[in-house]
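As provided, protein24.txt (compact mmCIF, N, CA and C atoms) reads as follows.
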```txt
# COMPACT_ATOMS: atom_id res chain seq x y z
N MET N 149 -61.53 -2.07 16.87
CA MET N 149 -61.24 -1.16 15.80
C MET N 149 -59.87 -0.54 16.05
N LYS N 150 -59.07 -0.53 15.05
CA LYS N 150 -57.76 0.13 15.14
C LYS N 150 -57.84 1.48 14.47
N HIS N 151 -57.15 2.43 15.04
CA HIS N 151 -57.09 3.74 14.41
C HIS N 151 -55.69 3.95 13.83
N THR N 152 -55.60 4.90 12.94
CA THR N 152 -54.31 5.24 12.35
C THR N 152 -53.45 5.87 13.43
N PRO N 153 -52.25 5.34 13.65
CA PRO N 153 -51.40 5.87 14.71
C PRO N 153 -51.12 7.36 14.54
N GLY N 154 -51.04 8.09 15.67
CA GLY N 154 -50.74 9.52 15.66
C GLY N 154 -49.25 9.72 15.54
N SER N 155 -48.83 10.85 15.44
CA SER N 155 -49.46 12.16 15.51
C SER N 155 -50.12 12.50 14.18
N TRP N 156 -51.24 13.27 14.28
CA TRP N 156 -51.95 13.71 13.10
C TRP N 156 -51.74 15.20 12.94
N MET N 157 -51.72 15.65 11.71
CA MET N 157 -51.48 17.05 11.39
C MET N 157 -52.62 17.58 10.52
N VAL N 158 -52.75 18.89 10.46
CA VAL N 158 -53.76 19.55 9.62
C VAL N 158 -53.04 20.44 8.62
N SER N 159 -53.50 20.37 7.37
CA SER N 159 -53.00 21.31 6.36
C SER N 159 -54.19 21.79 5.54
N SER N 160 -54.10 22.99 5.05
CA SER N 160 -55.18 23.60 4.28
C SER N 160 -55.03 23.22 2.82
N THR N 161 -56.17 22.97 2.15
CA THR N 161 -56.14 22.64 0.72
C THR N 161 -56.32 23.87 -0.14
N GLY N 162 -56.73 24.98 0.46
CA GLY N 162 -56.96 26.18 -0.31
C GLY N 162 -58.38 26.35 -0.79
N ASN N 163 -59.20 25.28 -0.78
CA ASN N 163 -60.61 25.42 -1.19
C ASN N 163 -61.51 25.29 0.04
N HIS N 164 -61.21 26.01 1.08
CA HIS N 164 -62.01 26.03 2.31
C HIS N 164 -62.10 24.65 2.95
N GLN N 165 -61.09 23.83 2.73
CA GLN N 165 -61.04 22.52 3.33
C GLN N 165 -59.72 22.37 4.07
N ALA N 166 -59.71 21.44 5.00
CA ALA N 166 -58.48 21.12 5.71
C ALA N 166 -58.29 19.61 5.66
N LEU N 167 -57.10 19.19 5.33
CA LEU N 167 -56.76 17.77 5.31
C LEU N 167 -56.16 17.37 6.65
N ILE N 168 -56.56 16.22 7.12
CA ILE N 168 -55.97 15.64 8.32
C ILE N 168 -55.11 14.47 7.83
N HIS N 169 -53.84 14.48 8.19
CA HIS N 169 -52.92 13.46 7.70
C HIS N 169 -51.94 13.07 8.78
N THR N 170 -51.32 11.92 8.61
CA THR N 170 -50.34 11.46 9.60
C THR N 170 -49.06 12.27 9.45
N GLU N 171 -48.47 12.53 10.58
CA GLU N 171 -47.20 13.27 10.57
C GLU N 171 -46.08 12.41 10.00
N LYS N 172 -46.10 11.13 10.33
CA LYS N 172 -45.00 10.25 9.96
C LYS N 172 -45.00 9.90 8.47
N THR N 173 -46.16 9.49 7.92
CA THR N 173 -46.21 9.02 6.53
C THR N 173 -46.88 9.98 5.58
N GLY N 174 -47.61 10.95 6.11
CA GLY N 174 -48.34 11.88 5.26
C GLY N 174 -49.64 11.32 4.72
N GLU N 175 -50.02 10.12 5.17
CA GLU N 175 -51.27 9.48 4.73
C GLU N 175 -52.46 10.35 5.11
N ASN N 176 -53.34 10.61 4.14
CA ASN N 176 -54.55 11.38 4.42
C ASN N 176 -55.54 10.52 5.19
N ILE N 177 -56.12 11.11 6.25
CA ILE N 177 -57.06 10.40 7.10
C ILE N 177 -58.47 10.90 6.87
N ALA N 178 -58.62 12.22 6.73
CA ALA N 178 -59.96 12.81 6.60
C ALA N 178 -59.85 14.20 6.01
N VAL N 179 -61.00 14.70 5.58
CA VAL N 179 -61.12 16.07 5.10
C VAL N 179 -62.18 16.75 5.95
N ALA N 180 -61.91 17.95 6.36
CA ALA N 180 -62.89 18.74 7.12
C ALA N 180 -63.12 20.05 6.38
N TYR N 181 -64.31 20.60 6.57
CA TYR N 181 -64.64 21.86 5.89
C TYR N 181 -64.41 23.06 6.78
N ASP N 182 -63.81 22.83 7.92
CA ASP N 182 -63.52 23.90 8.87
C ASP N 182 -62.21 23.54 9.55
N LYS N 183 -61.26 24.46 9.56
CA LYS N 183 -59.94 24.16 10.11
C LYS N 183 -60.00 23.86 11.60
N LYS N 184 -60.86 24.55 12.34
CA LYS N 184 -60.97 24.29 13.79
C LYS N 184 -61.45 22.86 14.05
N ASN N 185 -62.45 22.40 13.27
CA ASN N 185 -62.91 21.01 13.42
C ASN N 185 -61.79 20.03 13.07
N ALA N 186 -61.04 20.36 12.04
CA ALA N 186 -59.92 19.50 11.64
C ALA N 186 -58.89 19.42 12.75
N GLN N 187 -58.64 20.53 13.43
CA GLN N 187 -57.67 20.53 14.52
C GLN N 187 -58.14 19.65 15.68
N ILE N 188 -59.45 19.66 15.95
CA ILE N 188 -59.99 18.80 17.01
C ILE N 188 -59.82 17.33 16.62
N VAL N 189 -60.15 17.00 15.37
CA VAL N 189 -59.99 15.62 14.91
C VAL N 189 -58.52 15.22 14.97
N ALA N 190 -57.64 16.09 14.53
CA ALA N 190 -56.21 15.78 14.51
C ALA N 190 -55.65 15.56 15.91
N ALA N 191 -56.29 16.15 16.90
CA ALA N 191 -55.83 15.98 18.29
C ALA N 191 -56.29 14.67 18.91
N ALA N 192 -57.14 13.92 18.22
CA ALA N 192 -57.73 12.70 18.79
C ALA N 192 -56.70 11.70 19.33
N PRO N 193 -55.63 11.36 18.61
CA PRO N 193 -54.68 10.39 19.18
C PRO N 193 -54.05 10.89 20.48
N ASP N 194 -53.70 12.17 20.55
CA ASP N 194 -53.11 12.70 21.77
C ASP N 194 -54.14 12.76 22.90
N MET N 195 -55.40 13.11 22.56
CA MET N 195 -56.44 13.13 23.59
C MET N 195 -56.69 11.73 24.14
N LEU N 196 -56.70 10.72 23.26
CA LEU N 196 -56.90 9.35 23.71
C LEU N 196 -55.75 8.91 24.61
N LYS N 197 -54.53 9.21 24.22
CA LYS N 197 -53.35 8.85 25.03
C LYS N 197 -53.44 9.50 26.41
N THR N 198 -53.81 10.78 26.45
CA THR N 198 -53.92 11.50 27.72
C THR N 198 -55.06 10.95 28.57
N LEU N 199 -56.19 10.64 27.94
CA LEU N 199 -57.31 10.07 28.68
C LEU N 199 -56.93 8.73 29.29
N LYS N 200 -56.18 7.91 28.56
CA LYS N 200 -55.72 6.64 29.11
C LYS N 200 -54.82 6.86 30.33
N GLN N 201 -53.94 7.85 30.25
CA GLN N 201 -53.07 8.15 31.38
C GLN N 201 -53.89 8.63 32.58
N CYS N 202 -54.88 9.49 32.33
CA CYS N 202 -55.74 9.96 33.42
C CYS N 202 -56.50 8.81 34.05
N GLN N 203 -57.02 7.93 33.21
CA GLN N 203 -57.77 6.79 33.72
C GLN N 203 -56.89 5.91 34.58
N ASP N 204 -55.65 5.67 34.19
CA ASP N 204 -54.72 4.88 34.99
C ASP N 204 -54.48 5.52 36.35
N VAL N 205 -54.24 6.84 36.35
CA VAL N 205 -53.99 7.56 37.60
C VAL N 205 -55.22 7.50 38.50
N LEU N 206 -56.38 7.79 37.93
CA LEU N 206 -57.62 7.76 38.72
C LEU N 206 -57.88 6.37 39.29
N PHE N 207 -57.68 5.35 38.51
CA PHE N 207 -57.91 3.99 38.98
C PHE N 207 -57.04 3.69 40.19
N GLN N 208 -55.77 4.01 40.09
CA GLN N 208 -54.85 3.72 41.20
C GLN N 208 -55.15 4.58 42.42
N TYR N 209 -55.64 5.78 42.21
CA TYR N 209 -55.87 6.71 43.30
C TYR N 209 -57.15 6.40 44.08
N VAL N 210 -58.21 6.02 43.38
CA VAL N 210 -59.52 5.95 44.04
C VAL N 210 -59.86 4.60 44.63
N HIS N 211 -59.30 3.54 44.14
CA HIS N 211 -59.71 2.23 44.65
C HIS N 211 -59.23 2.03 46.08
N GLY N 212 -60.17 1.66 46.92
CA GLY N 212 -59.87 1.48 48.34
C GLY N 212 -60.28 2.66 49.19
N ASN N 213 -60.68 3.76 48.57
CA ASN N 213 -61.14 4.94 49.29
C ASN N 213 -62.63 5.13 49.03
N GLU N 214 -63.41 5.31 50.08
CA GLU N 214 -64.87 5.42 49.91
C GLU N 214 -65.42 6.79 50.33
N THR N 215 -64.62 7.82 50.27
CA THR N 215 -65.13 9.16 50.58
C THR N 215 -66.01 9.62 49.42
N PRO N 216 -66.90 10.60 49.63
CA PRO N 216 -67.73 11.10 48.52
C PRO N 216 -66.90 11.59 47.33
N GLU N 217 -65.78 12.23 47.62
CA GLU N 217 -64.92 12.72 46.54
C GLU N 217 -64.35 11.57 45.73
N MET N 218 -63.95 10.51 46.42
CA MET N 218 -63.39 9.35 45.72
C MET N 218 -64.46 8.65 44.89
N CYS N 219 -65.71 8.65 45.36
CA CYS N 219 -66.80 8.06 44.58
C CYS N 219 -67.00 8.84 43.28
N VAL N 220 -66.89 10.16 43.34
CA VAL N 220 -66.99 10.97 42.12
C VAL N 220 -65.84 10.64 41.18
N MET N 221 -64.63 10.54 41.72
CA MET N 221 -63.48 10.21 40.89
C MET N 221 -63.62 8.82 40.30
N ALA N 222 -64.18 7.88 41.06
CA ALA N 222 -64.39 6.53 40.55
C ALA N 222 -65.35 6.56 39.36
N LYS N 223 -66.39 7.39 39.42
CA LYS N 223 -67.32 7.51 38.29
C LYS N 223 -66.61 8.09 37.07
N VAL N 224 -65.74 9.08 37.30
CA VAL N 224 -64.98 9.66 36.19
C VAL N 224 -64.07 8.60 35.58
N GLU N 225 -63.45 7.81 36.41
CA GLU N 225 -62.56 6.75 35.92
C GLU N 225 -63.34 5.73 35.10
N ILE N 226 -64.54 5.37 35.56
CA ILE N 226 -65.38 4.43 34.82
C ILE N 226 -65.77 5.02 33.47
N ASN N 227 -66.14 6.31 33.46
CA ASN N 227 -66.49 6.97 32.20
C ASN N 227 -65.29 7.02 31.26
N ALA N 228 -64.10 7.29 31.80
CA ALA N 228 -62.90 7.31 30.97
C ALA N 228 -62.66 5.94 30.35
N ALA N 229 -62.83 4.90 31.14
CA ALA N 229 -62.63 3.54 30.61
C ALA N 229 -63.64 3.25 29.50
N ARG N 230 -64.90 3.67 29.69
CA ARG N 230 -65.94 3.44 28.68
C ARG N 230 -65.59 4.17 27.37
N ILE N 231 -65.17 5.43 27.48
CA ILE N 231 -64.84 6.21 26.29
C ILE N 231 -63.63 5.62 25.57
N ILE N 232 -62.65 5.18 26.34
CA ILE N 232 -61.47 4.55 25.73
C ILE N 232 -61.90 3.30 24.95
N CYS N 233 -62.75 2.50 25.54
CA CYS N 233 -63.25 1.29 24.85
C CYS N 233 -63.99 1.65 23.58
N GLU N 234 -64.86 2.65 23.66
CA GLU N 234 -65.62 3.06 22.48
C GLU N 234 -64.70 3.58 21.37
N ALA N 235 -63.63 4.24 21.77
CA ALA N 235 -62.72 4.83 20.78
C ALA N 235 -61.77 3.81 20.16
N THR N 236 -61.57 2.68 20.85
CA THR N 236 -60.55 1.75 20.39
C THR N 236 -61.08 0.39 19.95
N GLU N 237 -62.38 0.15 20.10
CA GLU N 237 -62.92 -1.15 19.67
C GLU N 237 -63.35 -1.12 18.23
```

Target encoding structure tokens, full file:
Amino acid sequence: MKHTPGSWMVSSTGNHQALIHTEKTGENIAVAYDKKNAQIVAAAPDMLKTLKQCQDVLFQYVHGNETPEMCVMAKVEINAARIICEATE
């Protein structure tokens, strides 16, 4: 599954709704009935990008180390990879 490329922005419609749209083209992506929820949705591309960066760092850091702390980080890295797959397939 492909998502609409970020950055996404939020603007108010005036009728208790918030529009989520692309910053570059202005294409509407979604409507939310709460501005805070719209802001969370609009942050999705940046959150995904950051999660991918975290997953890369964790992967490089933990592999080859078998301390209890590294095992916890390895689980976090695996969860990050799973979430990235779910968000991008």

Worksheet item: At what distance in Å, to one decimal, does CA of Ser155 in chain N lie from CA of Val205 in chain N?
Response: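 Distance reported for this atom pair: 23.0 Å.
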
Discussion item. DSSP on the backbone, alpha helix (DSSP H) only: what residues of chain N does that give? Format it as a VMD selection string.
Written reply: chain N and resid 183 to 190 192 to 210 216 to 236

Fill in: Pairwise distance for atom N of His164 in chain N and CA of Pro193 in chain N, rounded to one decimal in Å
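Between atom N of His164 in chain N and CA of Pro193 in chain N the gap works out to 24.8 Å.
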
Tell me, as a short mmCIF file (atom, residue, chain, number, x, y, z; two decimals) with N, CA and C atoms, keeping the file's coordinate frame, which residues lie within 9 Å of Leu196 in chain N, counting only C-alpha atoms; anything in the same chain fewer than 6 positions away does not count.
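Everything below was put into selection_27.cif:
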```cif
data_model
loop_
_atom_site.label_atom_id
_atom_site.label_comp_id
_atom_site.auth_asym_id
_atom_site.auth_seq_id
_atom_site.Cartn_x
_atom_site.Cartn_y
_atom_site.Cartn_z
N ILE N 231 -65.17 5.43 27.48
CA ILE N 231 -64.84 6.21 26.29
C ILE N 231 -63.63 5.62 25.57
N ILE N 232 -62.65 5.18 26.34
CA ILE N 232 -61.47 4.55 25.73
C ILE N 232 -61.90 3.30 24.95
N ALA N 235 -63.63 4.24 21.77
CA ALA N 235 -62.72 4.83 20.78
C ALA N 235 -61.77 3.81 20.16
#
```

Discussion item. Could you check the closest approach to Ile168 in chain N for each of N:Pro216, N:Leu199, N:Gly154, N:Val189 and tell me which residue wins, using only N, CA and C atoms?
Written reply: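 Using only N, CA and C atoms, Ile168 in chain N sits closest to N:Val189.
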
Discussion item. If we count all atoms listed in the file and set the cut-off at 6.5 Å, which residues sit around Leu167 in chain N, ignoring sequence neighbours fewer than 3 positions away in its own chain? Please answer as a VMD selection string.
Written reply: chain N and resid 157 to 161 177 to 180
